[in-house]
Amino acid sequence: MGMMKEYECGLEAALDVIGGKWKVLIMWPLKNGASRFGELKREVPGISEKMLIQSLKEMELDGIVLRQDFKEVPPRVEYSLTEFGRSLSDALAPLCRWGEQHMQRIEACKEQCERERQRRLKEEEEAQAAELHAAT
């Protein structure tokens with residue numbers, strides 16, 4: 001039997017549960033109630049079907065999401081937040097507000113960083129071209 005993970009702080013434990021960007025984005029529409037797989041796929045732009053399936057399985061194992069199979073034909077399965085998942089969603093709400101308050105600043109910083117990266121790439125390409133030209 002494997003050893004249980006021992007966390008050094010609460011933030012480490014929380015990040016282990018939400019790991020990556022997709023789980024929190026999946027949780028957000030679930031805070032309003034149960035959703036089917038296709039609804040979640042539409043409500044979480046950019047997520048692949050494979051990543052949604054994997055994330056939902058991990059969230060179910062972590063006790064954040066409840067998967068309810070209605071045993072119907074055609075199959076109907078709904079996902080909802082557990083009480084534990086709702087408590088995590090509540091804890092993430094201030095982080096969401098912070099992101100909304102600073103979204104423009106964050107986007108501007110990312111754009112500036114990208115422009116700087118493009119400028120450096122262009123300088124490197126020009127230096128390589130100059131070296132090739134000097135060598136001939």
# chains A, B, ... in the order shown; residues from 1 in each chain; ligands from 1
>>> select_by_dssp(residues="segment 34-130 of chain A", states="strand (DSSP E)", output="number ranges by chain")
A: 35-36, 65-69, 77-81
>>> write_last_selection(atoms="N, CA and C atoms", output="PDB file, in the first residue's frame")
ATOM      1  N   SER A  35     -24.937  19.621 -13.916  1.00  0.00           N
ATOM      2  CA  SER A  35     -24.799  19.765 -15.370  1.00  0.00           C
ATOM      3  C   SER A  35     -24.463  18.424 -15.979  1.00  0.00           C
ATOM      4  N   ARG A  36     -24.887  18.255 -17.192  1.00  0.00           N
ATOM      5  CA  ARG A  36     -24.510  17.063 -17.955  1.00  0.00           C
ATOM      6  C   ARG A  36     -23.178  17.327 -18.644  1.00  0.00           C
ATOM      7  N   VAL A  65     -16.765  16.370  -6.735  1.00  0.00           N
ATOM      8  CA  VAL A  65     -17.874  16.237  -7.679  1.00  0.00           C
ATOM      9  C   VAL A  65     -18.593  14.917  -7.435  1.00  0.00           C
ATOM     10  N   LEU A  66     -19.904  14.972  -7.553  1.00  0.00           N
ATOM     11  CA  LEU A  66     -20.728  13.765  -7.491  1.00  0.00           C
ATOM     12  C   LEU A  66     -21.191  13.451  -8.906  1.00  0.00           C
ATOM     13  N   ARG A  67     -20.986  12.215  -9.343  1.00  0.00           N
ATOM     14  CA  ARG A  67     -21.451  11.750 -10.655  1.00  0.00           C
ATOM     15  C   ARG A  67     -22.693  10.915 -10.416  1.00  0.00           C
ATOM     16  N   GLN A  68     -23.807  11.359 -10.999  1.00  0.00           N
ATOM     17  CA  GLN A  68     -25.064  10.621 -10.827  1.00  0.00           C
ATOM     18  C   GLN A  68     -25.483  10.038 -12.169  1.00  0.00           C
ATOM     19  N   ASP A  69     -25.496   8.707 -12.230  1.00  0.00           N
ATOM     20  CA  ASP A  69     -25.918   7.985 -13.428  1.00  0.00           C
ATOM     21  C   ASP A  69     -27.377   7.585 -13.222  1.00  0.00           C
ATOM     22  N   VAL A  77     -26.239  11.218 -17.420  1.00  0.00           N
ATOM     23  CA  VAL A  77     -25.348  11.354 -16.268  1.00  0.00           C
ATOM     24  C   VAL A  77     -25.242  12.836 -15.953  1.00  0.00           C
ATOM     25  N   GLU A  78     -25.329  13.170 -14.683  1.00  0.00           N
ATOM     26  CA  GLU A  78     -25.172  14.550 -14.254  1.00  0.00           C
ATOM     27  C   GLU A  78     -24.046  14.658 -13.238  1.00  0.00           C
ATOM     28  N   TYR A  79     -23.395  15.793 -13.282  1.00  0.00           N
ATOM     29  CA  TYR A  79     -22.315  16.088 -12.348  1.00  0.00           C
ATOM     30  C   TYR A  79     -22.736  17.270 -11.492  1.00  0.00           C
ATOM     31  N   SER A  80     -22.447  17.201 -10.194  1.00  0.00           N
ATOM     32  CA  SER A  80     -22.754  18.301  -9.291  1.00  0.00           C
ATOM     33  C   SER A  80     -21.651  18.392  -8.241  1.00  0.00           C
ATOM     34  N   LEU A  81     -21.581  19.545  -7.602  1.00  0.00           N
ATOM     35  CA  LEU A  81     -20.608  19.715  -6.526  1.00  0.00           C
ATOM     36  C   LEU A  81     -21.125  19.039  -5.265  1.00  0.00           C
TER      37      LEU A  81
END
>>> residues_around(residues="segment 54-58 of chain A", least_positions_apart="5", cutoff="10 Å", atoms="only C-alpha atoms", output="ChimeraX atom specification")
/A:17-20,22-24,26-27,37,48-49,63-67,79
>>> write_last_selection(atoms="C-alpha atoms", output="PDB file, in the first residue's frame")
ATOM      1  CA  VAL A  17      -7.040  19.078  -5.224  1.00  0.00           C
ATOM      2  CA  ILE A  18      -7.585  21.823  -7.814  1.00  0.00           C
ATOM      3  CA  GLY A  19      -4.364  21.084  -9.756  1.00  0.00           C
ATOM      4  CA  GLY A  20      -4.080  22.859 -13.103  1.00  0.00           C
ATOM      5  CA  TRP A  22      -9.314  23.036 -15.781  1.00  0.00           C
ATOM      6  CA  LYS A  23     -10.751  21.839 -12.485  1.00  0.00           C
ATOM      7  CA  VAL A  24     -11.573  25.306 -11.183  1.00  0.00           C
ATOM      8  CA  ILE A  26     -15.232  23.072 -14.423  1.00  0.00           C
ATOM      9  CA  MET A  27     -16.303  23.880 -10.865  1.00  0.00           C
ATOM     10  CA  PHE A  37     -21.236  16.338 -19.736  1.00  0.00           C
ATOM     11  CA  SER A  48     -10.919  18.839 -24.803  1.00  0.00           C
ATOM     12  CA  GLU A  49     -13.293  15.961 -24.242  1.00  0.00           C
ATOM     13  CA  GLY A  63     -14.781  14.096  -3.346  1.00  0.00           C
ATOM     14  CA  ILE A  64     -15.424  17.448  -5.039  1.00  0.00           C
ATOM     15  CA  VAL A  65     -17.874  16.237  -7.679  1.00  0.00           C
ATOM     16  CA  LEU A  66     -20.728  13.765  -7.491  1.00  0.00           C
ATOM     17  CA  ARG A  67     -21.451  11.750 -10.655  1.00  0.00           C
ATOM     18  CA  TYR A  79     -22.315  16.088 -12.348  1.00  0.00           C
TER      19      TYR A  79
END
>>> residues_around(residues="segment 91-101 of chain A", least_positions_apart="4", cutoff="10 Å", atoms="only C-alpha atoms", output="PDB file with N, CA and C atoms, in the first residue's frame")
ATOM      1  N   ALA A  14      -4.781  22.331  -0.928  1.00  0.00           N
ATOM      2  CA  ALA A  14      -5.798  22.883  -1.824  1.00  0.00           C
ATOM      3  C   ALA A  14      -5.341  22.811  -3.281  1.00  0.00           C
ATOM      4  N   VAL A  24     -10.850  24.145 -11.708  1.00  0.00           N
ATOM      5  CA  VAL A  24     -11.573  25.306 -11.183  1.00  0.00           C
ATOM      6  C   VAL A  24     -12.539  25.851 -12.222  1.00  0.00           C
ATOM      7  N   MET A  27     -15.531  23.647 -12.085  1.00  0.00           N
ATOM      8  CA  MET A  27     -16.303  23.880 -10.865  1.00  0.00           C
ATOM      9  C   MET A  27     -17.228  25.082 -10.998  1.00  0.00           C
ATOM     10  N   TRP A  28     -16.790  26.085 -11.731  1.00  0.00           N
ATOM     11  CA  TRP A  28     -17.531  27.343 -11.767  1.00  0.00           C
ATOM     12  C   TRP A  28     -18.979  27.172 -12.229  1.00  0.00           C
ATOM     13  N   GLY A  85     -17.050  20.109  -2.299  1.00  0.00           N
ATOM     14  CA  GLY A  85     -16.774  20.883  -3.505  1.00  0.00           C
ATOM     15  C   GLY A  85     -17.328  22.300  -3.425  1.00  0.00           C
ATOM     16  N   ARG A  86     -18.516  22.444  -2.835  1.00  0.00           N
ATOM     17  CA  ARG A  86     -19.105  23.786  -2.660  1.00  0.00           C
ATOM     18  C   ARG A  86     -18.240  24.625  -1.729  1.00  0.00           C
ATOM     19  N   SER A  87     -17.673  24.003  -0.706  1.00  0.00           N
ATOM     20  CA  SER A  87     -16.807  24.756   0.215  1.00  0.00           C
ATOM     21  C   SER A  87     -15.547  25.230  -0.515  1.00  0.00           C
ATOM     22  N   ARG A 105      -4.899  44.563 -16.268  1.00  0.00           N
ATOM     23  CA  ARG A 105      -3.473  44.673 -15.944  1.00  0.00           C
ATOM     24  C   ARG A 105      -2.735  43.383 -16.311  1.00  0.00           C
ATOM     25  N   ILE A 106      -3.332  42.251 -15.972  1.00  0.00           N
ATOM     26  CA  ILE A 106      -2.707  40.956 -16.271  1.00  0.00           C
ATOM     27  C   ILE A 106      -2.564  40.778 -17.781  1.00  0.00           C
TER      28      ILE A 106
END
>>> select_by_dssp(residues="segment 11-127 of chain A", states="alpha helix (DSSP H)", output="VMD selection string")
chain A and resid 11 to 18 22 to 30 37 to 43 49 to 61 83 to 127
>>> write_last_selection(atoms="C-alpha atoms", output="compact mmCIF listing (two decimals), in the first residue's frame")
# COMPACT_ATOMS: atom_id res chain seq x y z
CA LEU A 11 -2.34 25.86 0.32
CA GLU A 12 -0.37 22.80 -0.82
CA ALA A 13 -3.36 20.56 -0.02
CA ALA A 14 -5.80 22.88 -1.82
CA LEU A 15 -3.58 23.14 -4.91
CA ASP A 16 -3.25 19.36 -4.98
CA VAL A 17 -7.04 19.08 -5.22
CA ILE A 18 -7.59 21.82 -7.81
CA TRP A 22 -9.31 23.04 -15.78
CA LYS A 23 -10.75 21.84 -12.48
CA VAL A 24 -11.57 25.31 -11.18
CA LEU A 25 -13.08 26.23 -14.56
CA ILE A 26 -15.23 23.07 -14.42
CA MET A 27 -16.30 23.88 -10.87
CA TRP A 28 -17.53 27.34 -11.77
CA PRO A 29 -20.65 26.33 -13.77
CA LEU A 30 -21.35 23.53 -11.27
CA PHE A 37 -21.24 16.34 -19.74
CA GLY A 38 -22.21 18.16 -22.94
CA GLU A 39 -23.29 21.23 -20.98
CA LEU A 40 -19.95 21.33 -19.18
CA LYS A 41 -18.10 20.93 -22.47
CA ARG A 42 -19.91 24.03 -23.78
CA GLU A 43 -19.48 26.01 -20.56
CA GLU A 49 -13.29 15.96 -24.24
CA LYS A 50 -10.40 13.84 -22.95
CA MET A 51 -9.34 16.50 -20.43
CA LEU A 52 -12.93 17.02 -19.25
CA ILE A 53 -13.39 13.27 -18.70
CA GLN A 54 -10.06 12.99 -16.86
CA SER A 55 -10.70 16.07 -14.71
CA LEU A 56 -14.22 14.94 -13.75
CA LYS A 57 -12.91 11.50 -12.74
CA GLU A 58 -10.18 13.07 -10.58
CA MET A 59 -12.65 15.51 -9.04
CA GLU A 60 -14.99 12.63 -8.24
CA LEU A 61 -12.13 10.70 -6.59
CA GLU A 83 -20.72 19.84 0.00
CA PHE A 84 -16.91 19.57 0.07
CA GLY A 85 -16.77 20.88 -3.51
CA ARG A 86 -19.10 23.79 -2.66
CA SER A 87 -16.81 24.76 0.22
CA LEU A 88 -13.87 24.82 -2.22
CA SER A 89 -15.90 26.83 -4.72
CA ASP A 90 -16.72 29.36 -1.97
CA ALA A 91 -13.00 29.60 -1.13
CA LEU A 92 -12.17 30.30 -4.80
CA ALA A 93 -14.72 33.13 -5.14
CA PRO A 94 -12.35 35.81 -3.74
CA LEU A 95 -9.65 34.66 -6.18
CA CYS A 96 -12.13 35.06 -9.02
CA ARG A 97 -12.97 38.59 -7.86
CA TRP A 98 -9.25 39.42 -7.67
CA GLY A 99 -8.81 38.17 -11.24
CA GLU A 100 -11.75 40.24 -12.44
CA GLN A 101 -10.38 43.36 -10.73
CA HIS A 102 -6.92 42.91 -12.28
CA MET A 103 -7.79 41.28 -15.60
CA GLN A 104 -6.79 44.27 -17.76
CA ARG A 105 -3.47 44.67 -15.94
CA ILE A 106 -2.71 40.96 -16.27
CA GLU A 107 -3.59 40.97 -19.98
CA ALA A 108 -1.42 44.07 -20.55
CA CYS A 109 1.54 42.44 -18.78
CA LYS A 110 1.13 39.26 -20.83
CA GLU A 111 0.98 41.28 -24.07
CA GLN A 112 4.07 43.27 -23.11
CA CYS A 113 5.93 40.06 -22.28
CA GLU A 114 4.94 38.55 -25.64
CA ARG A 115 6.08 41.68 -27.53
CA GLU A 116 9.42 41.52 -25.72
CA ARG A 117 9.77 37.82 -26.56
CA GLN A 118 9.02 38.51 -30.24
CA ARG A 119 11.56 41.37 -30.26
CA ARG A 120 14.29 39.11 -28.81
CA LEU A 121 13.50 36.37 -31.34
CA LYS A 122 13.76 38.86 -34.19
CA GLU A 123 17.12 40.15 -32.88
CA GLU A 124 18.43 36.59 -32.61
CA GLU A 125 17.30 35.79 -36.16
CA GLU A 126 18.93 38.97 -37.47
CA ALA A 127 22.17 38.16 -35.63
>>> atom_distance(atom1="atom CA of Asn32 of chain A", atom2="atom CA of Thr82 of chain A")
12.2 Å
>>> atom_distance(atom1="atom CA of Asp62 of chain A", atom2="atom CA of Lys31 of chain A")
16.7 Å
>>> atom_distance(atom1="atom CA of Lys21 of chain A", atom2="atom CA of Pro45 of chain A")
12.0 Å
>>> decode(residues="segment 74-110 of chain A", atoms="N, CA and C atoms", output="CSV table (one decimal), in the first residue's frame")
chain,number,residue,atom,x,y,z
A,74,PRO,N,-31.8,7.0,-23.6
A,74,PRO,CA,-30.3,7.1,-23.8
A,74,PRO,C,-29.7,7.5,-22.4
A,75,PRO,N,-28.4,7.1,-22.3
A,75,PRO,CA,-27.8,7.4,-21.0
A,75,PRO,C,-27.9,8.9,-20.5
A,76,ARG,N,-28.1,9.0,-19.3
A,76,ARG,CA,-28.1,10.4,-18.7
A,76,ARG,C,-27.3,10.4,-17.4
A,77,VAL,N,-26.2,11.2,-17.4
A,77,VAL,CA,-25.3,11.4,-16.3
A,77,VAL,C,-25.2,12.8,-16.0
A,78,GLU,N,-25.3,13.2,-14.7
A,78,GLU,CA,-25.2,14.6,-14.3
A,78,GLU,C,-24.0,14.7,-13.2
A,79,TYR,N,-23.4,15.8,-13.3
A,79,TYR,CA,-22.3,16.1,-12.3
A,79,TYR,C,-22.7,17.3,-11.5
A,80,SER,N,-22.4,17.2,-10.2
A,80,SER,CA,-22.8,18.3,-9.3
A,80,SER,C,-21.7,18.4,-8.2
A,81,LEU,N,-21.6,19.5,-7.6
A,81,LEU,CA,-20.6,19.7,-6.5
A,81,LEU,C,-21.1,19.0,-5.3
A,82,THR,N,-20.2,18.4,-4.6
A,82,THR,CA,-20.6,17.9,-3.2
A,82,THR,C,-20.5,19.0,-2.3
A,83,GLU,N,-20.9,18.8,-1.0
A,83,GLU,CA,-20.7,19.8,0.0
A,83,GLU,C,-19.3,20.3,0.1
A,84,PHE,N,-18.4,19.3,0.0
A,84,PHE,CA,-16.9,19.6,0.1
A,84,PHE,C,-16.5,20.4,-1.1
A,85,GLY,N,-17.0,20.1,-2.3
A,85,GLY,CA,-16.8,20.9,-3.5
A,85,GLY,C,-17.3,22.3,-3.4
A,86,ARG,N,-18.5,22.4,-2.8
A,86,ARG,CA,-19.1,23.8,-2.7
A,86,ARG,C,-18.2,24.6,-1.7
A,87,SER,N,-17.7,24.0,-0.7
A,87,SER,CA,-16.8,24.8,0.2
A,87,SER,C,-15.5,25.2,-0.5
A,88,LEU,N,-15.0,24.4,-1.4
A,88,LEU,CA,-13.9,24.8,-2.2
A,88,LEU,C,-14.3,25.9,-3.2
A,89,SER,N,-15.4,25.8,-3.8
A,89,SER,CA,-15.9,26.8,-4.7
A,89,SER,C,-16.0,28.2,-4.0
A,90,ASP,N,-16.6,28.1,-2.8
A,90,ASP,CA,-16.7,29.4,-2.0
A,90,ASP,C,-15.3,30.0,-1.7
A,91,ALA,N,-14.4,29.1,-1.4
A,91,ALA,CA,-13.0,29.6,-1.1
A,91,ALA,C,-12.4,30.2,-2.4
A,92,LEU,N,-12.8,29.8,-3.6
A,92,LEU,CA,-12.2,30.3,-4.8
A,92,LEU,C,-12.8,31.6,-5.3
A,93,ALA,N,-14.0,31.9,-4.7
A,93,ALA,CA,-14.7,33.1,-5.1
A,93,ALA,C,-13.9,34.4,-5.0
A,94,PRO,N,-13.2,34.6,-3.8
A,94,PRO,CA,-12.3,35.8,-3.7
A,94,PRO,C,-11.2,35.9,-4.8
A,95,LEU,N,-10.7,34.7,-5.1
A,95,LEU,CA,-9.6,34.7,-6.2
A,95,LEU,C,-10.2,35.1,-7.5
A,96,CYS,N,-11.4,34.7,-7.8
A,96,CYS,CA,-12.1,35.1,-9.0
A,96,CYS,C,-12.3,36.6,-9.0
A,97,ARG,N,-12.8,37.1,-7.9
A,97,ARG,CA,-13.0,38.6,-7.9
A,97,ARG,C,-11.7,39.3,-8.1
A,98,TRP,N,-10.6,38.8,-7.5
A,98,TRP,CA,-9.2,39.4,-7.7
A,98,TRP,C,-8.9,39.4,-9.1
A,99,GLY,N,-9.1,38.3,-9.8
A,99,GLY,CA,-8.8,38.2,-11.2
A,99,GLY,C,-9.6,39.1,-12.1
A,100,GLU,N,-10.9,39.3,-11.7
A,100,GLU,CA,-11.8,40.2,-12.4
A,100,GLU,C,-11.3,41.7,-12.2
A,101,GLN,N,-10.9,42.0,-11.0
A,101,GLN,CA,-10.4,43.4,-10.7
A,101,GLN,C,-9.1,43.7,-11.5
A,102,HIS,N,-8.3,42.7,-11.7
A,102,HIS,CA,-6.9,42.9,-12.3
A,102,HIS,C,-6.8,42.3,-13.7
A,103,MET,N,-7.8,41.9,-14.3
A,103,MET,CA,-7.8,41.3,-15.6
A,103,MET,C,-7.1,42.1,-16.7
A,104,GLN,N,-7.4,43.4,-16.8
A,104,GLN,CA,-6.8,44.3,-17.8
A,104,GLN,C,-5.3,44.4,-17.5
A,105,ARG,N,-4.9,44.6,-16.3
A,105,ARG,CA,-3.5,44.7,-15.9
A,105,ARG,C,-2.7,43.4,-16.3
A,106,ILE,N,-3.3,42.3,-16.0
A,106,ILE,CA,-2.7,41.0,-16.3
A,106,ILE,C,-2.6,40.8,-17.8
A,107,GLU,N,-3.6,41.1,-18.5
A,107,GLU,CA,-3.6,41.0,-20.0
A,107,GLU,C,-2.5,41.9,-20.6
A,108,ALA,N,-2.4,43.1,-20.1
A,108,ALA,CA,-1.4,44.1,-20.6
A,108,ALA,C,0.0,43.6,-20.3
A,109,CYS,N,0.2,43.0,-19.1
A,109,CYS,CA,1.5,42.4,-18.8
A,109,CYS,C,1.9,41.3,-19.7
A,110,LYS,N,0.9,40.4,-19.9
A,110,LYS,CA,1.1,39.3,-20.8
A,110,LYS,C,1.5,39.7,-22.2
